[in-house]
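To start, the structure under review is shown below, and the notes come after it.
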Amino acid sequence: MNYHFQAHRQVRKNLLGMLQNTSHEDLLLIPDGFNNNIYWNIAHTVATQQLLHYYLSGNPFRIDKYWIETYKKGTLPNLNVQKSEVEDLEFLLTETSKILMKDYDSDFFSDYTPYTTSFGMDLKSIQDAIIFNNMHESLHYGYIMAQKRAILGEKGR
């Protein structure tokens, strides 16, 4: 699993870079052709990781439920995000990754409720969920890159 944790840290590093190197205005802008924004995509990855790893293993979330309820699948982007929330998300991107690795090493995920994702993947164990989550976060990173290009195009940069 070391490789998968390395991949998780890398995608989180990439997401953090997008969060830190995109203006607040651009984080919240919904580009033409999209139904969400860069900020929502990043927050959604944190919420989904908690659901896939902690909820399905019967464990408590490692983040406030606000993040789950506001950014889980099916939610709409909040266009009034304060800079303090962006800073909180920066912290969560890094910390939830570290906590996941510690919890995994502590055998925190001994039970797991099988789940079929909307992508069509069957998750039968925490290992499956970690691998799938990396794919999910990478998919959203791709969306974010497309959104950033669309925003730059709309602004004529």
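Order determines the names: the first chain of the structure tokens is A, the second B, and so forth; residues in each chain are numbered 1 upward, and ligands are numbered 1 upward as they are shown.
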When you look at Ile42 in chain A with a cut-off of 8 Å (counting only C-alpha atoms), what residues show up, excluding the ones that are within fewer than 2 positions of it in the same chain? I need them as an mmCIF file with all heavy atoms, in the first residue's frame.
data_model
loop_
_atom_site.group_PDB
_atom_site.id
_atom_site.type_symbol
_atom_site.label_atom_id
_atom_site.label_comp_id
_atom_site.auth_asym_id
_atom_site.auth_seq_id
_atom_site.Cartn_x
_atom_site.Cartn_y
_atom_site.Cartn_z
ATOM 1 N N LEU A 15 -3.472 19.172 -5.529
ATOM 2 C CA LEU A 15 -4.693 19.908 -5.188
ATOM 3 C C LEU A 15 -4.374 21.119 -4.315
ATOM 4 O O LEU A 15 -4.922 22.210 -4.529
ATOM 5 C CB LEU A 15 -5.685 18.987 -4.469
ATOM 6 C CG LEU A 15 -6.310 17.880 -5.316
ATOM 7 C CD1 LEU A 15 -7.028 16.865 -4.428
ATOM 8 C CD2 LEU A 15 -7.246 18.458 -6.358
ATOM 9 N N LEU A 19 -5.094 25.117 -4.980
ATOM 10 C CA LEU A 19 -5.804 25.934 -4.001
ATOM 11 C C LEU A 19 -4.991 27.174 -3.623
ATOM 12 O O LEU A 19 -5.528 28.277 -3.538
ATOM 13 C CB LEU A 19 -6.095 25.079 -2.755
ATOM 14 C CG LEU A 19 -7.062 25.634 -1.726
ATOM 15 C CD1 LEU A 19 -8.432 25.896 -2.324
ATOM 16 C CD2 LEU A 19 -7.175 24.659 -0.554
ATOM 17 N N ILE A 38 -13.585 25.345 -8.940
ATOM 18 C CA ILE A 38 -12.346 24.726 -8.475
ATOM 19 C C ILE A 38 -12.434 24.415 -6.984
ATOM 20 O O ILE A 38 -12.091 23.318 -6.539
ATOM 21 C CB ILE A 38 -11.132 25.635 -8.801
ATOM 22 C CG1 ILE A 38 -10.921 25.695 -10.318
ATOM 23 C CG2 ILE A 38 -9.879 25.143 -8.077
ATOM 24 C CD1 ILE A 38 -9.892 26.739 -10.759
ATOM 25 N N TYR A 39 -12.916 25.383 -6.218
ATOM 26 C CA TYR A 39 -12.998 25.192 -4.769
ATOM 27 C C TYR A 39 -13.881 24.000 -4.420
ATOM 28 O O TYR A 39 -13.507 23.166 -3.605
ATOM 29 C CB TYR A 39 -13.507 26.465 -4.082
ATOM 30 C CG TYR A 39 -13.484 26.314 -2.594
ATOM 31 C CD1 TYR A 39 -12.315 26.519 -1.885
ATOM 32 C CD2 TYR A 39 -14.623 25.926 -1.894
ATOM 33 C CE1 TYR A 39 -12.274 26.341 -0.509
ATOM 34 C CE2 TYR A 39 -14.595 25.746 -0.531
ATOM 35 C CZ TYR A 39 -13.416 25.960 0.160
ATOM 36 O OH TYR A 39 -13.373 25.777 1.515
ATOM 37 N N TRP A 40 -15.061 23.904 -5.049
ATOM 38 C CA TRP A 40 -15.964 22.796 -4.748
ATOM 39 C C TRP A 40 -15.279 21.465 -5.060
ATOM 40 O O TRP A 40 -15.389 20.516 -4.267
ATOM 41 C CB TRP A 40 -17.270 22.911 -5.556
ATOM 42 C CG TRP A 40 -18.230 21.806 -5.214
ATOM 43 C CD1 TRP A 40 -19.192 21.834 -4.243
ATOM 44 C CD2 TRP A 40 -18.298 20.496 -5.805
ATOM 45 N NE1 TRP A 40 -19.853 20.616 -4.205
ATOM 46 C CE2 TRP A 40 -19.325 19.785 -5.147
ATOM 47 C CE3 TRP A 40 -17.595 19.861 -6.829
ATOM 48 C CZ2 TRP A 40 -19.658 18.471 -5.487
ATOM 49 C CZ3 TRP A 40 -17.922 18.551 -7.152
ATOM 50 C CH2 TRP A 40 -18.941 17.874 -6.489
ATOM 51 N N HIS A 44 -14.748 18.741 -2.291
ATOM 52 C CA HIS A 44 -15.459 17.481 -2.556
ATOM 53 C C HIS A 44 -14.526 16.280 -2.398
ATOM 54 O O HIS A 44 -14.948 15.225 -1.902
ATOM 55 C CB HIS A 44 -16.052 17.523 -3.974
ATOM 56 C CG HIS A 44 -16.589 16.223 -4.442
ATOM 57 N ND1 HIS A 44 -17.777 15.696 -3.959
ATOM 58 C CD2 HIS A 44 -16.111 15.327 -5.337
ATOM 59 C CE1 HIS A 44 -17.985 14.529 -4.554
ATOM 60 N NE2 HIS A 44 -17.000 14.282 -5.392
ATOM 61 N N THR A 45 -13.270 16.420 -2.786
ATOM 62 C CA THR A 45 -12.348 15.283 -2.640
ATOM 63 C C THR A 45 -12.136 14.950 -1.164
ATOM 64 O O THR A 45 -12.048 13.772 -0.808
ATOM 65 C CB THR A 45 -10.979 15.533 -3.319
ATOM 66 O OG1 THR A 45 -10.302 16.611 -2.695
ATOM 67 C CG2 THR A 45 -11.137 15.777 -4.815
ATOM 68 N N VAL A 46 -12.076 15.967 -0.326
ATOM 69 C CA VAL A 46 -11.891 15.730 1.116
ATOM 70 C C VAL A 46 -13.132 15.057 1.698
ATOM 71 O O VAL A 46 -13.033 14.084 2.449
ATOM 72 C CB VAL A 46 -11.560 17.049 1.853
ATOM 73 C CG1 VAL A 46 -11.562 16.847 3.359
ATOM 74 C CG2 VAL A 46 -10.202 17.582 1.387
ATOM 75 N N HIS A 140 -10.928 14.516 -10.321
ATOM 76 C CA HIS A 140 -11.302 15.889 -9.983
ATOM 77 C C HIS A 140 -10.149 16.862 -10.218
ATOM 78 O O HIS A 140 -10.382 18.013 -10.591
ATOM 79 C CB HIS A 140 -11.842 15.973 -8.553
ATOM 80 C CG HIS A 140 -13.255 15.494 -8.479
ATOM 81 N ND1 HIS A 140 -14.325 16.303 -8.790
ATOM 82 C CD2 HIS A 140 -13.766 14.277 -8.199
ATOM 83 C CE1 HIS A 140 -15.446 15.604 -8.684
ATOM 84 N NE2 HIS A 140 -15.132 14.372 -8.322
ATOM 85 N N TYR A 141 -8.923 16.399 -10.045
ATOM 86 C CA TYR A 141 -7.781 17.257 -10.376
ATOM 87 C C TYR A 141 -7.802 17.591 -11.873
ATOM 88 O O TYR A 141 -7.546 18.735 -12.264
ATOM 89 C CB TYR A 141 -6.464 16.575 -9.976
ATOM 90 C CG TYR A 141 -5.243 17.418 -10.242
ATOM 91 C CD1 TYR A 141 -5.043 18.611 -9.557
ATOM 92 C CD2 TYR A 141 -4.300 17.027 -11.186
ATOM 93 C CE1 TYR A 141 -3.926 19.401 -9.807
ATOM 94 C CE2 TYR A 141 -3.180 17.808 -11.438
ATOM 95 C CZ TYR A 141 -2.995 18.983 -10.742
ATOM 96 O OH TYR A 141 -1.892 19.763 -11.003
#
Taking only range 9-156 of chain A into account, list the residues labelled strand (DSSP E or B) by DSSP (computed from the backbone), as a ChimeraX atom specification. /A:115-116,122-123
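Contact shell of range 113-125 of chain A at 12 Å (only C-alpha atoms; same-chain neighbours under 6 positions omitted): Thr48, Leu51, Leu52, His53, Tyr54, Tyr55, Leu56, Ser57, Gly58, Asn59, Lys73, Gly74, Tyr104, Ile131, Phe132, Asn133, Met135, His136 and Leu139 of chain A.
Of the listed residues (A:Leu16, A:Ser97, A:Glu87, A:Phe109), A:Ser97 comes nearest to Asn134 in chain A; the distances count only C-alpha atoms.
In this structure, CA of Thr94 in chain A sits 20.1 Å away from CA of Glu69 in chain A.
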Env of Glu154 in chain A: 12 Å cut, atoms = only C-alpha atoms, seq-sep filter 2 positions within chain, self excluded. Answer as a PyMOL selection string. chain A and resi 26+29-33+147-152+156-157
Any chance you could export the current selection's N, CA and C atoms as a PDB file, in the first residue's frame?
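Contents of part-v8.pdb, freshly written:
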ATOM      1  N   ASP A  26     -11.094  33.342  -8.637  1.00  0.00           N
ATOM      2  CA  ASP A  26     -11.089  32.241  -9.606  1.00  0.00           C
ATOM      3  C   ASP A  26     -11.467  30.903  -8.972  1.00  0.00           C
ATOM      4  N   LEU A  29     -15.291  30.966  -9.107  1.00  0.00           N
ATOM      5  CA  LEU A  29     -15.933  31.193 -10.399  1.00  0.00           C
ATOM      6  C   LEU A  29     -16.326  29.868 -11.043  1.00  0.00           C
ATOM      7  N   ILE A  30     -17.557  29.783 -11.537  1.00  0.00           N
ATOM      8  CA  ILE A  30     -17.996  28.592 -12.263  1.00  0.00           C
ATOM      9  C   ILE A  30     -17.827  28.891 -13.750  1.00  0.00           C
ATOM     10  N   PRO A  31     -16.846  28.246 -14.392  1.00  0.00           N
ATOM     11  CA  PRO A  31     -16.604  28.534 -15.813  1.00  0.00           C
ATOM     12  C   PRO A  31     -17.765  28.051 -16.689  1.00  0.00           C
ATOM     13  N   ASP A  32     -17.918  28.676 -17.834  1.00  0.00           N
ATOM     14  CA  ASP A  32     -18.933  28.250 -18.799  1.00  0.00           C
ATOM     15  C   ASP A  32     -18.745  26.764 -19.108  1.00  0.00           C
ATOM     16  N   GLY A  33     -19.840  26.037 -19.120  1.00  0.00           N
ATOM     17  CA  GLY A  33     -19.797  24.617 -19.439  1.00  0.00           C
ATOM     18  C   GLY A  33     -19.614  23.712 -18.228  1.00  0.00           C
ATOM     19  N   GLN A 147     -10.993  23.513 -15.643  1.00  0.00           N
ATOM     20  CA  GLN A 147     -11.671  24.723 -15.184  1.00  0.00           C
ATOM     21  C   GLN A 147     -10.713  25.911 -15.167  1.00  0.00           C
ATOM     22  N   LYS A 148      -9.500  25.671 -14.731  1.00  0.00           N
ATOM     23  CA  LYS A 148      -8.523  26.759 -14.687  1.00  0.00           C
ATOM     24  C   LYS A 148      -8.227  27.269 -16.099  1.00  0.00           C
ATOM     25  N   ARG A 149      -8.069  26.357 -17.053  1.00  0.00           N
ATOM     26  CA  ARG A 149      -7.850  26.767 -18.445  1.00  0.00           C
ATOM     27  C   ARG A 149      -9.049  27.538 -18.977  1.00  0.00           C
ATOM     28  N   ALA A 150     -10.251  27.077 -18.646  1.00  0.00           N
ATOM     29  CA  ALA A 150     -11.473  27.762 -19.105  1.00  0.00           C
ATOM     30  C   ALA A 150     -11.543  29.169 -18.523  1.00  0.00           C
ATOM     31  N   ILE A 151     -11.196  29.314 -17.264  1.00  0.00           N
ATOM     32  CA  ILE A 151     -11.226  30.631 -16.611  1.00  0.00           C
ATOM     33  C   ILE A 151     -10.205  31.558 -17.279  1.00  0.00           C
ATOM     34  N   LEU A 152      -9.024  31.046 -17.507  1.00  0.00           N
ATOM     35  CA  LEU A 152      -7.992  31.868 -18.171  1.00  0.00           C
ATOM     36  C   LEU A 152      -8.456  32.292 -19.552  1.00  0.00           C
ATOM     37  N   GLY A 156      -9.306  36.064 -21.021  1.00  0.00           N
ATOM     38  CA  GLY A 156      -8.394  36.503 -22.090  1.00  0.00           C
ATOM     39  C   GLY A 156      -6.950  36.607 -21.660  1.00  0.00           C
ATOM     40  N   ARG A 157      -6.570  35.765 -20.701  1.00  0.00           N
ATOM     41  CA  ARG A 157      -5.172  35.795 -20.208  1.00  0.00           C
ATOM     42  C   ARG A 157      -4.282  34.962 -21.079  1.00  0.00           C
TER      43      ARG A 157
END
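The spacing separating CA of Tyr3 in chain A from CA of Glu95 in chain A amounts to 18.5 Å.
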Which residue out of A:Met18, A:Ala47, A:Leu92, A:Ala7 has the minimum interatomic distance to Met145 in chain A when only C-alpha atoms are used? A:Met18
Please, what distance in Å, to one decimal, runs between CA of Asp88 in chain A and CA of Asp64 in chain A? 11.0 Å
Using DSSP secondary structure from the backbone, list all alpha helix (DSSP H) positions within chain A, as a PyMOL selection string. chain A and resi 2-20+24-28+38-50+65-71+83-105+126-154
Output for the residues just chosen: C-alpha atoms as a short mmCIF file (atom, residue, chain, number, x, y, z; two decimals), in the first residue's frame:
data_model
loop_
_atom_site.label_atom_id
_atom_site.label_comp_id
_atom_site.auth_asym_id
_atom_site.auth_seq_id
_atom_site.Cartn_x
_atom_site.Cartn_y
_atom_site.Cartn_z
CA ASN A 2 3.00 2.30 0.27
CA TYR A 3 2.75 3.19 -3.41
CA HIS A 4 -0.93 4.07 -3.06
CA PHE A 5 -0.23 6.28 -0.05
CA GLN A 6 2.56 7.96 -2.02
CA ALA A 7 0.08 8.56 -4.86
CA HIS A 8 -2.45 9.96 -2.37
CA ARG A 9 0.11 12.40 -0.96
CA GLN A 10 1.04 13.50 -4.49
CA VAL A 11 -2.51 14.17 -5.69
CA ARG A 12 -3.17 16.06 -2.44
CA LYS A 13 0.00 18.09 -3.02
CA ASN A 14 -1.26 18.91 -6.53
CA LEU A 15 -4.69 19.91 -5.19
CA LEU A 16 -3.07 22.05 -2.50
CA GLY A 17 -0.96 23.79 -5.14
CA MET A 18 -4.10 24.63 -7.12
CA LEU A 19 -5.80 25.93 -4.00
CA GLN A 20 -2.84 28.11 -3.00
CA HIS A 24 -9.93 33.59 -4.41
CA GLU A 25 -12.14 34.98 -7.17
CA ASP A 26 -11.09 32.24 -9.61
CA LEU A 27 -11.53 29.49 -7.00
CA LEU A 28 -15.22 30.38 -6.75
CA ILE A 38 -12.35 24.73 -8.48
CA TYR A 39 -13.00 25.19 -4.77
CA TRP A 40 -15.96 22.80 -4.75
CA ASN A 41 -13.93 20.12 -6.54
CA ILE A 42 -11.14 20.31 -3.97
CA ALA A 43 -13.49 20.33 -0.97
CA HIS A 44 -15.46 17.48 -2.56
CA THR A 45 -12.35 15.28 -2.64
CA VAL A 46 -11.89 15.73 1.12
CA ALA A 47 -15.55 14.98 1.84
CA THR A 48 -15.59 11.92 -0.42
CA GLN A 49 -12.39 10.53 1.07
CA GLN A 50 -14.00 10.65 4.50
CA LYS A 65 -19.61 17.11 9.36
CA TYR A 66 -19.98 20.57 7.77
CA TRP A 67 -17.50 19.52 5.09
CA ILE A 68 -19.35 16.29 4.36
CA GLU A 69 -22.79 17.88 4.17
CA THR A 70 -21.61 20.87 2.12
CA TYR A 71 -19.35 19.11 -0.38
CA LYS A 83 -10.77 33.10 2.92
CA SER A 84 -10.65 31.47 6.36
CA GLU A 85 -12.49 28.44 4.95
CA VAL A 86 -9.95 28.20 2.13
CA GLU A 87 -7.22 28.14 4.77
CA ASP A 88 -9.10 25.41 6.65
CA LEU A 89 -9.31 23.37 3.46
CA GLU A 90 -5.56 23.78 2.90
CA PHE A 91 -5.01 22.28 6.36
CA LEU A 92 -7.51 19.45 5.78
CA LEU A 93 -5.93 18.41 2.48
CA THR A 94 -2.66 17.65 4.24
CA GLU A 95 -3.89 16.47 7.62
CA THR A 96 -6.55 14.03 6.42
CA SER A 97 -3.91 12.34 4.29
CA LYS A 98 -1.55 11.97 7.27
CA ILE A 99 -4.37 10.75 9.54
CA LEU A 100 -5.48 8.19 6.96
CA MET A 101 -2.00 6.66 6.87
CA LYS A 102 -1.79 6.55 10.68
CA ASP A 103 -5.26 5.04 10.97
CA TYR A 104 -4.44 2.44 8.32
CA ASP A 105 -1.23 1.47 10.11
CA ILE A 126 -10.29 -0.32 2.76
CA GLN A 127 -7.50 -1.13 0.30
CA ASP A 128 -9.99 -0.99 -2.58
CA ALA A 129 -11.34 2.29 -1.22
CA ILE A 130 -7.88 3.87 -0.95
CA ILE A 131 -7.00 2.88 -4.51
CA PHE A 132 -10.36 4.07 -5.87
CA ASN A 133 -10.15 7.32 -3.90
CA ASN A 134 -6.84 8.12 -5.59
CA MET A 135 -8.52 7.66 -8.95
CA HIS A 136 -11.46 9.82 -7.83
CA GLU A 137 -9.21 12.64 -6.60
CA SER A 138 -7.16 12.49 -9.79
CA LEU A 139 -10.33 12.73 -11.86
CA HIS A 140 -11.30 15.89 -9.98
CA TYR A 141 -7.78 17.26 -10.38
CA GLY A 142 -8.29 16.88 -14.13
CA TYR A 143 -11.57 18.78 -13.90
CA ILE A 144 -9.80 21.50 -11.94
CA MET A 145 -7.10 21.85 -14.58
CA ALA A 146 -9.80 22.15 -17.26
CA GLN A 147 -11.67 24.72 -15.18
CA LYS A 148 -8.52 26.76 -14.69
CA ARG A 149 -7.85 26.77 -18.45
CA ALA A 150 -11.47 27.76 -19.11
CA ILE A 151 -11.23 30.63 -16.61
CA LEU A 152 -7.99 31.87 -18.17
CA GLY A 153 -9.65 31.71 -21.60
CA GLU A 154 -12.72 33.62 -20.39
#
